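Below: the structure, in structure tokens.
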Amino acid sequence: MTPRERVLAALDHREPDVLPVDFGGTATTTITRRPYLALRAHLGLPPVEPRILSFTAQSVRPDADVLERFRVDTRGAKPSAASGFAPSLADEGEYETYVDEWGIGSRRPKDGGLYYDVCHNPLQGQDEEAIRAFPFPRGDDPGRLRGLRAECLAIRAAGYPAVLSQSVGTGILHGGTSLLGYEDYFCRLLLEPRTVDLLSERCLEVKLAFWEMVLGEVGDLLDVVCEADDLGTQRGPFLAPDVYRKRIKPFQARLFAFIKQRAPHVKVFYHSCGGVAPLIPDLIEIGIDALNPVQLSAEGMDPIRLKREYGKDLCFWGGGVDTQAILPRGSPAEVKDEVRRRLAVWAKGGGYVFATVHNVQADVPPENVVAMFEAVDEFRR
């Protein structure tokens, strides 16, 4: 099989010739800047300035020499920034601050800081009138299409599946918490649900405009599209399932239905960290095809049960190795053992694409990344 045929077979719940592998195909299945540079040095590859996928998370797009070294089957296409938008960086004492196109402020400590954490919520405490008047970004800004079709054509010509690595903004829930702040958002979710619904509607409008434009431009070339919305914590969902079904699910359902109507052939890759097992039937119902990152360490995310109960309806994309304990702190032998145990469950019968549980972080030694891929190669053979 070609890499594209291999990934599509897994998404269609057919067992491919060998295990399909993703590394860098999406914004949540890659590696961050610091460990990427260390990995390249460990492999004896020349130094590069990494191509950034997510500025706040400092995740990168691995270069071709790394992808070929590990026989990676995916290639991601990244939308460009909106016309005229550039990261707004400022020096604020101990921090470097950043404002994105939504007006959300984040900051990173200058001394050893790795990522940008949200520090300013532009709609915190604001009423419905302010939400209506807020300058939301244009999802259909044509600048986002710069070079996108050429990139997708090149990916397809090389035999890889074209994965649109990210959408505009974050999700309905995640976007709302970033705009209002967690405390304000969750209090209003119960006490002022109409206000939260208005905010969700505005966020959805941006996304629908984005997908209308992007799928009109490159929908014929895309195989997988990505949406992300963190619904879970380490101990289960952020919300009681009935609250999710009333306040968040309807907006997600409209989003996924819109994508499928415009491009029926594409598969929807959906990212949510945490213990989302109670919500998986809902996510299947509203149209997701692949779940990522499959956080093994969270409550209820047992691979055997997930594969047994949902493996016929859902492709699991991730869950290949625990990134909270094993990958950063285990020995290479322990990493290999973890990968072998996970693949013994996930790979049978298709419906699985190998990836780490979320991105490889700064505390992961390059030896463990190499050990992970060596175990994958052993499994493939």
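Each chain in the structure tokens gets a letter, A, B, ..., in the order shown, and its residues are numbered from 1; ligands are numbered from 1 in order too.
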
Need the shell around Arg254 in chain A: protein/DNA/RNA residues with any atom at most 12 Å away, counting only C-alpha atoms. Skip same-chain ones fewer than 4 positions apart. Format as a VMD selection string? chain A and resid 172 200 to 201 204 to 205 207 to 208 248 to 250 258 to 261 285 to 288

Within 7 Å of Ala77 in chain A using only C-alpha atoms, minus same-chain residues under 2 positions, as a list of chain:residue names: A:Arg75, A:Pro79, A:Leu148, A:Glu151, A:Cys152, A:Ala162, A:Val163, A:Leu164, A:Ser165

Spatial neighbours of Leu53 in chain A, max dist 12 Å, only C-alpha atoms, sep filter under 6 positions, as a list of chain:residue names: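 Neighbouring residues, sequence-local ones excluded: A:Gly24, A:Gly25, A:Thr26, A:Ala27, A:Thr28, A:Thr29, A:Thr30, A:Ile31, A:Thr32, A:Arg33, A:Ser59, A:Val60, A:Arg61, A:Pro62, A:Gly76, A:Ala77, A:Lys78, A:Pro79, A:Ser80, A:Ala81, A:Leu164, A:Ser165, A:Gln166, A:Ser167, A:Asn359.
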
Quick one: write out the picked residues with N, CA and C atoms as a PDB file, in the first residue's frame?
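Wrote part-v4.pdb, looks like this:
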ATOM      1  N   GLY A  24       3.552  14.373  13.271  1.00  0.00           N
ATOM      2  CA  GLY A  24       3.584  15.699  12.683  1.00  0.00           C
ATOM      3  C   GLY A  24       2.505  15.982  11.669  1.00  0.00           C
ATOM      4  N   GLY A  25       1.594  15.020  11.442  1.00  0.00           N
ATOM      5  CA  GLY A  25       0.528  15.252  10.486  1.00  0.00           C
ATOM      6  C   GLY A  25      -0.520  16.230  10.978  1.00  0.00           C
ATOM      7  N   THR A  26      -0.634  16.372  12.294  1.00  0.00           N
ATOM      8  CA  THR A  26      -1.591  17.299  12.874  1.00  0.00           C
ATOM      9  C   THR A  26      -0.900  18.119  13.959  1.00  0.00           C
ATOM     10  N   ALA A  27      -1.601  19.138  14.437  1.00  0.00           N
ATOM     11  CA  ALA A  27      -1.031  20.004  15.471  1.00  0.00           C
ATOM     12  C   ALA A  27      -0.996  19.339  16.836  1.00  0.00           C
ATOM     13  N   THR A  28      -1.610  18.155  16.973  1.00  0.00           N
ATOM     14  CA  THR A  28      -1.641  17.472  18.277  1.00  0.00           C
ATOM     15  C   THR A  28      -1.019  16.079  18.214  1.00  0.00           C
ATOM     16  N   THR A  29      -0.294  15.787  17.133  1.00  0.00           N
ATOM     17  CA  THR A  29       0.404  14.501  17.027  1.00  0.00           C
ATOM     18  C   THR A  29       1.839  14.736  16.582  1.00  0.00           C
ATOM     19  N   THR A  30       2.454  15.730  17.166  1.00  0.00           N
ATOM     20  CA  THR A  30       3.789  16.110  16.713  1.00  0.00           C
ATOM     21  C   THR A  30       4.739  16.237  17.898  1.00  0.00           C
ATOM     22  N   ILE A  31       5.670  17.147  17.819  1.00  0.00           N
ATOM     23  CA  ILE A  31       6.702  17.314  18.838  1.00  0.00           C
ATOM     24  C   ILE A  31       6.933  18.812  19.017  1.00  0.00           C
ATOM     25  N   THR A  32       7.309  19.212  20.199  1.00  0.00           N
ATOM     26  CA  THR A  32       7.540  20.637  20.435  1.00  0.00           C
ATOM     27  C   THR A  32       9.003  21.002  20.114  1.00  0.00           C
ATOM     28  N   ARG A  33       9.240  22.291  20.105  1.00  0.00           N
ATOM     29  CA  ARG A  33      10.475  22.818  19.537  1.00  0.00           C
ATOM     30  C   ARG A  33      11.737  22.265  20.206  1.00  0.00           C
ATOM     31  N   SER A  59       4.645  23.833  19.040  1.00  0.00           N
ATOM     32  CA  SER A  59       4.745  22.566  18.321  1.00  0.00           C
ATOM     33  C   SER A  59       5.261  22.828  16.917  1.00  0.00           C
ATOM     34  N   VAL A  60       5.929  21.836  16.340  1.00  0.00           N
ATOM     35  CA  VAL A  60       6.613  22.044  15.066  1.00  0.00           C
ATOM     36  C   VAL A  60       6.154  21.030  14.028  1.00  0.00           C
ATOM     37  N   ARG A  61       6.473  21.347  12.761  1.00  0.00           N
ATOM     38  CA  ARG A  61       6.264  20.428  11.651  1.00  0.00           C
ATOM     39  C   ARG A  61       7.593  19.732  11.371  1.00  0.00           C
ATOM     40  N   PRO A  62       7.714  18.446  11.671  1.00  0.00           N
ATOM     41  CA  PRO A  62       8.993  17.765  11.427  1.00  0.00           C
ATOM     42  C   PRO A  62       9.409  17.858   9.968  1.00  0.00           C
ATOM     43  N   GLY A  76       0.998  16.755   6.795  1.00  0.00           N
ATOM     44  CA  GLY A  76       0.005  17.760   7.127  1.00  0.00           C
ATOM     45  C   GLY A  76       0.140  19.005   6.277  1.00  0.00           C
ATOM     46  N   ALA A  77      -0.997  19.562   5.881  1.00  0.00           N
ATOM     47  CA  ALA A  77      -1.039  20.857   5.202  1.00  0.00           C
ATOM     48  C   ALA A  77      -1.579  21.875   6.198  1.00  0.00           C
ATOM     49  N   LYS A  78      -0.922  23.010   6.295  1.00  0.00           N
ATOM     50  CA  LYS A  78      -1.265  23.992   7.317  1.00  0.00           C
ATOM     51  C   LYS A  78      -1.833  25.256   6.678  1.00  0.00           C
ATOM     52  N   PRO A  79      -3.025  25.702   7.105  1.00  0.00           N
ATOM     53  CA  PRO A  79      -3.514  26.995   6.622  1.00  0.00           C
ATOM     54  C   PRO A  79      -2.579  28.112   7.046  1.00  0.00           C
ATOM     55  N   SER A  80      -2.483  29.139   6.236  1.00  0.00           N
ATOM     56  CA  SER A  80      -1.659  30.292   6.576  1.00  0.00           C
ATOM     57  C   SER A  80      -2.402  31.201   7.544  1.00  0.00           C
ATOM     58  N   ALA A  81      -1.704  32.188   8.054  1.00  0.00           N
ATOM     59  CA  ALA A  81      -2.336  33.177   8.927  1.00  0.00           C
ATOM     60  C   ALA A  81      -3.239  34.083   8.102  1.00  0.00           C
ATOM     61  N   LEU A 164      -5.434  18.212   6.714  1.00  0.00           N
ATOM     62  CA  LEU A 164      -5.412  19.622   7.096  1.00  0.00           C
ATOM     63  C   LEU A 164      -5.153  19.654   8.591  1.00  0.00           C
ATOM     64  N   SER A 165      -3.958  20.088   8.963  1.00  0.00           N
ATOM     65  CA  SER A 165      -3.439  19.839  10.306  1.00  0.00           C
ATOM     66  C   SER A 165      -4.156  20.597  11.410  1.00  0.00           C
ATOM     67  N   GLN A 166      -4.882  21.674  11.075  1.00  0.00           N
ATOM     68  CA  GLN A 166      -5.599  22.402  12.106  1.00  0.00           C
ATOM     69  C   GLN A 166      -6.682  23.268  11.482  1.00  0.00           C
ATOM     70  N   SER A 167      -7.600  23.709  12.324  1.00  0.00           N
ATOM     71  CA  SER A 167      -8.705  24.556  11.900  1.00  0.00           C
ATOM     72  C   SER A 167      -8.392  26.001  12.289  1.00  0.00           C
ATOM     73  N   ASN A 359       1.409  15.718  21.961  1.00  0.00           N
ATOM     74  CA  ASN A 359       2.730  16.027  21.419  1.00  0.00           C
ATOM     75  C   ASN A 359       3.858  15.602  22.351  1.00  0.00           C
TER      76      ASN A 359
END

Which residues of range 13-99 of chain A come within 10 Å of range 115-124 of chain A, and what is each one's closest atom pair and distance in Å (one decimal), counting only C-alpha atoms, sorted by chain and residue number, as CSV?
residue,atom,partner,partner_atom,distance
A:Thr32,CA,A:Tyr115,CA,9.4
A:Arg33,CA,A:Tyr115,CA,9.9
A:Phe55,CA,A:Tyr116,CA,8.0
A:Thr56,CA,A:Tyr116,CA,4.7
A:Ala57,CA,A:Tyr115,CA,5.3
A:Gln58,CA,A:Tyr115,CA,6.2
A:Ser59,CA,A:Tyr115,CA,9.3
A:Tyr95,CA,A:Tyr116,CA,9.6
A:Glu96,CA,A:Tyr116,CA,8.5
A:Thr97,CA,A:Tyr116,CA,7.7
A:Tyr98,CA,A:Tyr116,CA,7.6
A:Val99,CA,A:His120,CA,8.7

Counting only C-alpha atoms, which residue out of A:Thr74, A:Gln295, A:Ser106, A:Ser83 sits closest to Gly159 in chain A? A:Thr74

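Among the candidates A:Val357, A:Leu11, A:Leu173, A:Ile104, the one nearest to Val268 in chain A when counting only C-alpha atoms is A:Leu11.
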
Counting only C-alpha atoms, the residue of A:Val18, A:Ala157, A:Ile284, A:Leu222 that sits nearest Glu309 in chain A: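 Closest candidate: A:Ile284.
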
Can you list, as a PDB file with N, CA and C atoms, in the first residue's frame, every protein, DNA or RNA residue that comes within 10 Å of Lys336 in chain A when you count only C-alpha atoms, leaving out same-chain residues fewer than 3 positions away?
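Heads up, here's the output in selection-v3.pdb:
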ATOM      1  N   VAL A 321       1.646   5.486  23.152  1.00  0.00           N
ATOM      2  CA  VAL A 321       2.561   5.449  24.285  1.00  0.00           C
ATOM      3  C   VAL A 321       2.176   6.576  25.234  1.00  0.00           C
ATOM      4  N   ILE A 326       5.677   7.403  31.013  1.00  0.00           N
ATOM      5  CA  ILE A 326       6.583   6.457  30.356  1.00  0.00           C
ATOM      6  C   ILE A 326       7.551   7.150  29.395  1.00  0.00           C
ATOM      7  N   LEU A 327       7.022   7.944  28.474  1.00  0.00           N
ATOM      8  CA  LEU A 327       7.900   8.531  27.455  1.00  0.00           C
ATOM      9  C   LEU A 327       8.927   9.496  28.048  1.00  0.00           C
ATOM     10  N   GLY A 330      10.566   6.980  31.538  1.00  0.00           N
ATOM     11  CA  GLY A 330      10.915   5.573  31.426  1.00  0.00           C
ATOM     12  C   GLY A 330      12.247   5.384  30.730  1.00  0.00           C
ATOM     13  N   SER A 331      12.782   4.175  30.824  1.00  0.00           N
ATOM     14  CA  SER A 331      13.988   3.829  30.067  1.00  0.00           C
ATOM     15  C   SER A 331      13.571   3.490  28.639  1.00  0.00           C
ATOM     16  N   PRO A 332      14.519   3.475  27.691  1.00  0.00           N
ATOM     17  CA  PRO A 332      14.163   3.051  26.329  1.00  0.00           C
ATOM     18  C   PRO A 332      13.499   1.676  26.296  1.00  0.00           C
ATOM     19  N   ALA A 333      13.954   0.760  27.147  1.00  0.00           N
ATOM     20  CA  ALA A 333      13.339  -0.572  27.183  1.00  0.00           C
ATOM     21  C   ALA A 333      11.891  -0.490  27.661  1.00  0.00           C
ATOM     22  N   VAL A 339       4.923   0.484  24.081  1.00  0.00           N
ATOM     23  CA  VAL A 339       4.436   0.521  22.700  1.00  0.00           C
ATOM     24  C   VAL A 339       3.937  -0.853  22.275  1.00  0.00           C
ATOM     25  N   ARG A 340       4.702  -1.898  22.574  1.00  0.00           N
ATOM     26  CA  ARG A 340       4.285  -3.256  22.189  1.00  0.00           C
ATOM     27  C   ARG A 340       2.939  -3.623  22.798  1.00  0.00           C
ATOM     28  N   ARG A 341       2.760  -3.309  24.081  1.00  0.00           N
ATOM     29  CA  ARG A 341       1.504  -3.654  24.762  1.00  0.00           C
ATOM     30  C   ARG A 341       0.327  -2.910  24.164  1.00  0.00           C
ATOM     31  N   ASN A 368      14.398   8.114  23.916  1.00  0.00           N
ATOM     32  CA  ASN A 368      13.083   7.494  24.081  1.00  0.00           C
ATOM     33  C   ASN A 368      12.214   7.657  22.846  1.00  0.00           C
ATOM     34  N   VAL A 369      12.393   8.757  22.131  1.00  0.00           N
ATOM     35  CA  VAL A 369      11.670   8.918  20.863  1.00  0.00           C
ATOM     36  C   VAL A 369      12.142   7.861  19.874  1.00  0.00           C
ATOM     37  N   VAL A 370      13.442   7.666  19.802  1.00  0.00           N
ATOM     38  CA  VAL A 370      14.000   6.657  18.904  1.00  0.00           C
ATOM     39  C   VAL A 370      13.524   5.265  19.309  1.00  0.00           C
ATOM     40  N   ALA A 371      13.514   4.975  20.611  1.00  0.00           N
ATOM     41  CA  ALA A 371      13.057   3.670  21.092  1.00  0.00           C
ATOM     42  C   ALA A 371      11.602   3.430  20.705  1.00  0.00           C
ATOM     43  N   MET A 372      10.794   4.460  20.794  1.00  0.00           N
ATOM     44  CA  MET A 372       9.384   4.356  20.416  1.00  0.00           C
ATOM     45  C   MET A 372       9.250   3.928  18.955  1.00  0.00           C
ATOM     46  N   PHE A 373       9.957   4.592  18.075  1.00  0.00           N
ATOM     47  CA  PHE A 373       9.848   4.254  16.659  1.00  0.00           C
ATOM     48  C   PHE A 373      10.491   2.909  16.340  1.00  0.00           C
ATOM     49  N   GLU A 374      11.522   2.525  17.087  1.00  0.00           N
ATOM     50  CA  GLU A 374      12.096   1.189  16.886  1.00  0.00           C
ATOM     51  C   GLU A 374      11.074   0.115  17.228  1.00  0.00           C
ATOM     52  N   ALA A 375      10.308   0.315  18.298  1.00  0.00           N
ATOM     53  CA  ALA A 375       9.275  -0.649  18.664  1.00  0.00           C
ATOM     54  C   ALA A 375       8.177  -0.704  17.609  1.00  0.00           C
ATOM     55  N   VAL A 376       7.837   0.446  17.041  1.00  0.00           N
ATOM     56  CA  VAL A 376       6.847   0.475  15.959  1.00  0.00           C
ATOM     57  C   VAL A 376       7.359  -0.299  14.761  1.00  0.00           C
ATOM     58  N   GLU A 378       9.539  -2.742  14.730  1.00  0.00           N
ATOM     59  CA  GLU A 378       9.506  -4.172  15.080  1.00  0.00           C
ATOM     60  C   GLU A 378       8.108  -4.729  14.896  1.00  0.00           C
TER      61      GLU A 378
END

Leaving out Ala9 in chain A and any residue of its chain fewer than 3 positions from it, which residues lie within 12 Å of it when counting only C-alpha atoms, given as a tab-separated table (two decimals) with C-alpha atoms, in the first residue's frame?
chain	number	residue	atom	x	y	z
A	1	MET	CA	0.00	0.00	0.00
A	2	THR	CA	1.00	3.62	-0.42
A	3	PRO	CA	0.99	5.66	2.78
A	4	ARG	CA	-2.32	7.23	1.69
A	5	GLU	CA	-3.93	3.85	1.03
A	6	ARG	CA	-2.63	2.61	4.38
A	12	ASP	CA	-12.29	2.59	6.96
A	13	HIS	CA	-11.73	-0.11	9.62
A	14	ARG	CA	-9.79	-2.37	7.30
A	15	GLU	CA	-6.47	-3.82	8.42
A	16	PRO	CA	-3.74	-2.31	6.21
A	17	ASP	CA	-0.58	-4.02	5.03
A	18	VAL	CA	1.37	-2.57	7.96
A	19	LEU	CA	0.58	-0.26	10.84
A	20	PRO	CA	0.06	3.37	9.70
A	161	PRO	CA	-2.85	11.40	2.67
A	223	ASP	CA	-8.44	13.18	3.06
A	267	LYS	CA	-12.69	12.00	7.55
A	315	CYS	CA	-10.73	5.00	14.46
A	349	GLY	CA	-8.65	-5.34	12.58
A	350	GLY	CA	-7.66	-1.84	11.50
A	351	GLY	CA	-9.24	1.31	12.87
A	352	TYR	CA	-5.96	2.55	14.28
A	353	VAL	CA	-3.23	5.05	13.39

Which one of A:Glu227, A:Asp220, A:Asp377, A:Asp282 sits closest to Arg156 in chain A if you count only C-alpha atoms?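 Under the stated criterion, the closest residue is A:Asp220.
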
With only C-alpha atoms as the counted atoms, please give the residues lying no more than 8 Å from range 196-198 of chain A, apart from itself and same-chain residues fewer than 2 positions off, as a PyMOL selection string. chain A and resi 128+131+176+185+188-189+192-194+200-202+247

Selection above as a file: N, CA and C atoms, as a PDB file, in the first residue's frame:
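Once written, out32.pdb looks like this:
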ATOM      1  N   GLU A 128     -23.998  40.428  26.767  1.00  0.00           N
ATOM      2  CA  GLU A 128     -24.329  39.953  25.429  1.00  0.00           C
ATOM      3  C   GLU A 128     -24.080  41.012  24.361  1.00  0.00           C
ATOM      4  N   ILE A 131     -20.507  40.920  23.449  1.00  0.00           N
ATOM      5  CA  ILE A 131     -20.176  39.733  22.660  1.00  0.00           C
ATOM      6  C   ILE A 131     -20.586  39.939  21.209  1.00  0.00           C
ATOM      7  N   GLY A 176     -14.565  29.197  24.112  1.00  0.00           N
ATOM      8  CA  GLY A 176     -15.341  29.973  25.076  1.00  0.00           C
ATOM      9  C   GLY A 176     -14.596  30.231  26.363  1.00  0.00           C
ATOM     10  N   TYR A 185     -16.732  31.503  32.418  1.00  0.00           N
ATOM     11  CA  TYR A 185     -17.414  30.644  31.444  1.00  0.00           C
ATOM     12  C   TYR A 185     -18.282  29.591  32.135  1.00  0.00           C
ATOM     13  N   ARG A 188     -21.318  30.993  34.006  1.00  0.00           N
ATOM     14  CA  ARG A 188     -22.368  31.407  33.072  1.00  0.00           C
ATOM     15  C   ARG A 188     -23.015  30.221  32.362  1.00  0.00           C
ATOM     16  N   LEU A 189     -22.247  29.177  32.178  1.00  0.00           N
ATOM     17  CA  LEU A 189     -22.802  28.002  31.510  1.00  0.00           C
ATOM     18  C   LEU A 189     -24.062  27.504  32.220  1.00  0.00           C
ATOM     19  N   GLU A 192     -26.162  31.664  33.219  1.00  0.00           N
ATOM     20  CA  GLU A 192     -26.535  32.521  32.090  1.00  0.00           C
ATOM     21  C   GLU A 192     -26.305  31.760  30.783  1.00  0.00           C
ATOM     22  N   PRO A 193     -26.990  30.639  30.603  1.00  0.00           N
ATOM     23  CA  PRO A 193     -26.702  29.808  29.426  1.00  0.00           C
ATOM     24  C   PRO A 193     -26.951  30.527  28.106  1.00  0.00           C
ATOM     25  N   ARG A 194     -27.880  31.477  28.074  1.00  0.00           N
ATOM     26  CA  ARG A 194     -28.146  32.183  26.825  1.00  0.00           C
ATOM     27  C   ARG A 194     -26.917  32.955  26.355  1.00  0.00           C
ATOM     28  N   SER A 200     -21.001  30.763  21.757  1.00  0.00           N
ATOM     29  CA  SER A 200     -20.777  29.551  20.963  1.00  0.00           C
ATOM     30  C   SER A 200     -21.207  29.762  19.520  1.00  0.00           C
ATOM     31  N   GLU A 201     -22.327  30.456  19.335  1.00  0.00           N
ATOM     32  CA  GLU A 201     -22.822  30.725  17.986  1.00  0.00           C
ATOM     33  C   GLU A 201     -21.832  31.577  17.201  1.00  0.00           C
ATOM     34  N   ARG A 202     -21.266  32.599  17.857  1.00  0.00           N
ATOM     35  CA  ARG A 202     -20.301  33.461  17.185  1.00  0.00           C
ATOM     36  C   ARG A 202     -19.034  32.681  16.814  1.00  0.00           C
ATOM     37  N   ARG A 247     -25.527  22.062  25.846  1.00  0.00           N
ATOM     38  CA  ARG A 247     -24.865  23.348  25.587  1.00  0.00           C
ATOM     39  C   ARG A 247     -23.763  23.296  24.530  1.00  0.00           C
TER      40      ARG A 247
END

Which of A:Ala355, A:Cys226, A:Val360, A:Leu291 sits closest to Ala38 in chain A [using only C-alpha atoms]: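 Nearest candidate to Ala38 in chain A out of A:Ala355, A:Cys226, A:Val360, A:Leu291: A:Val360.
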
Residues at most 9 Å from Leu45 in chain A, counting only C-alpha atoms, excluding those fewer than 5 positions away in the same chain, as a list in words?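 The contact residues come out as Leu39, Arg40, Asp65 and Val66 of chain A.
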
Can you pull out every residue from range 102-131 of chain A that DSSP, working from the backbone, puts in helix (DSSP H, G or I), and format the result as a list of chain:residue names?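 Selection result, helix (DSSP H, G or I) within range 102-131 of chain A: A:Glu128, A:Glu129, A:Ala130, A:Ile131.
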
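When only C-alpha atoms are used to compute distances to Val294 in chain A, the closest of the residues A:Ala150, A:Ile280, A:Leu180, A:Leu89 turns out to be A:Ile280.
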
What does the distance between CA of Val21 in chain A and CA of Phe354 in chain A come to in Å, to one decimal place? 4.7 Å

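Separating CA of Gly143 in chain A from CA of Leu37 in chain A is a distance of 29.7 Å.
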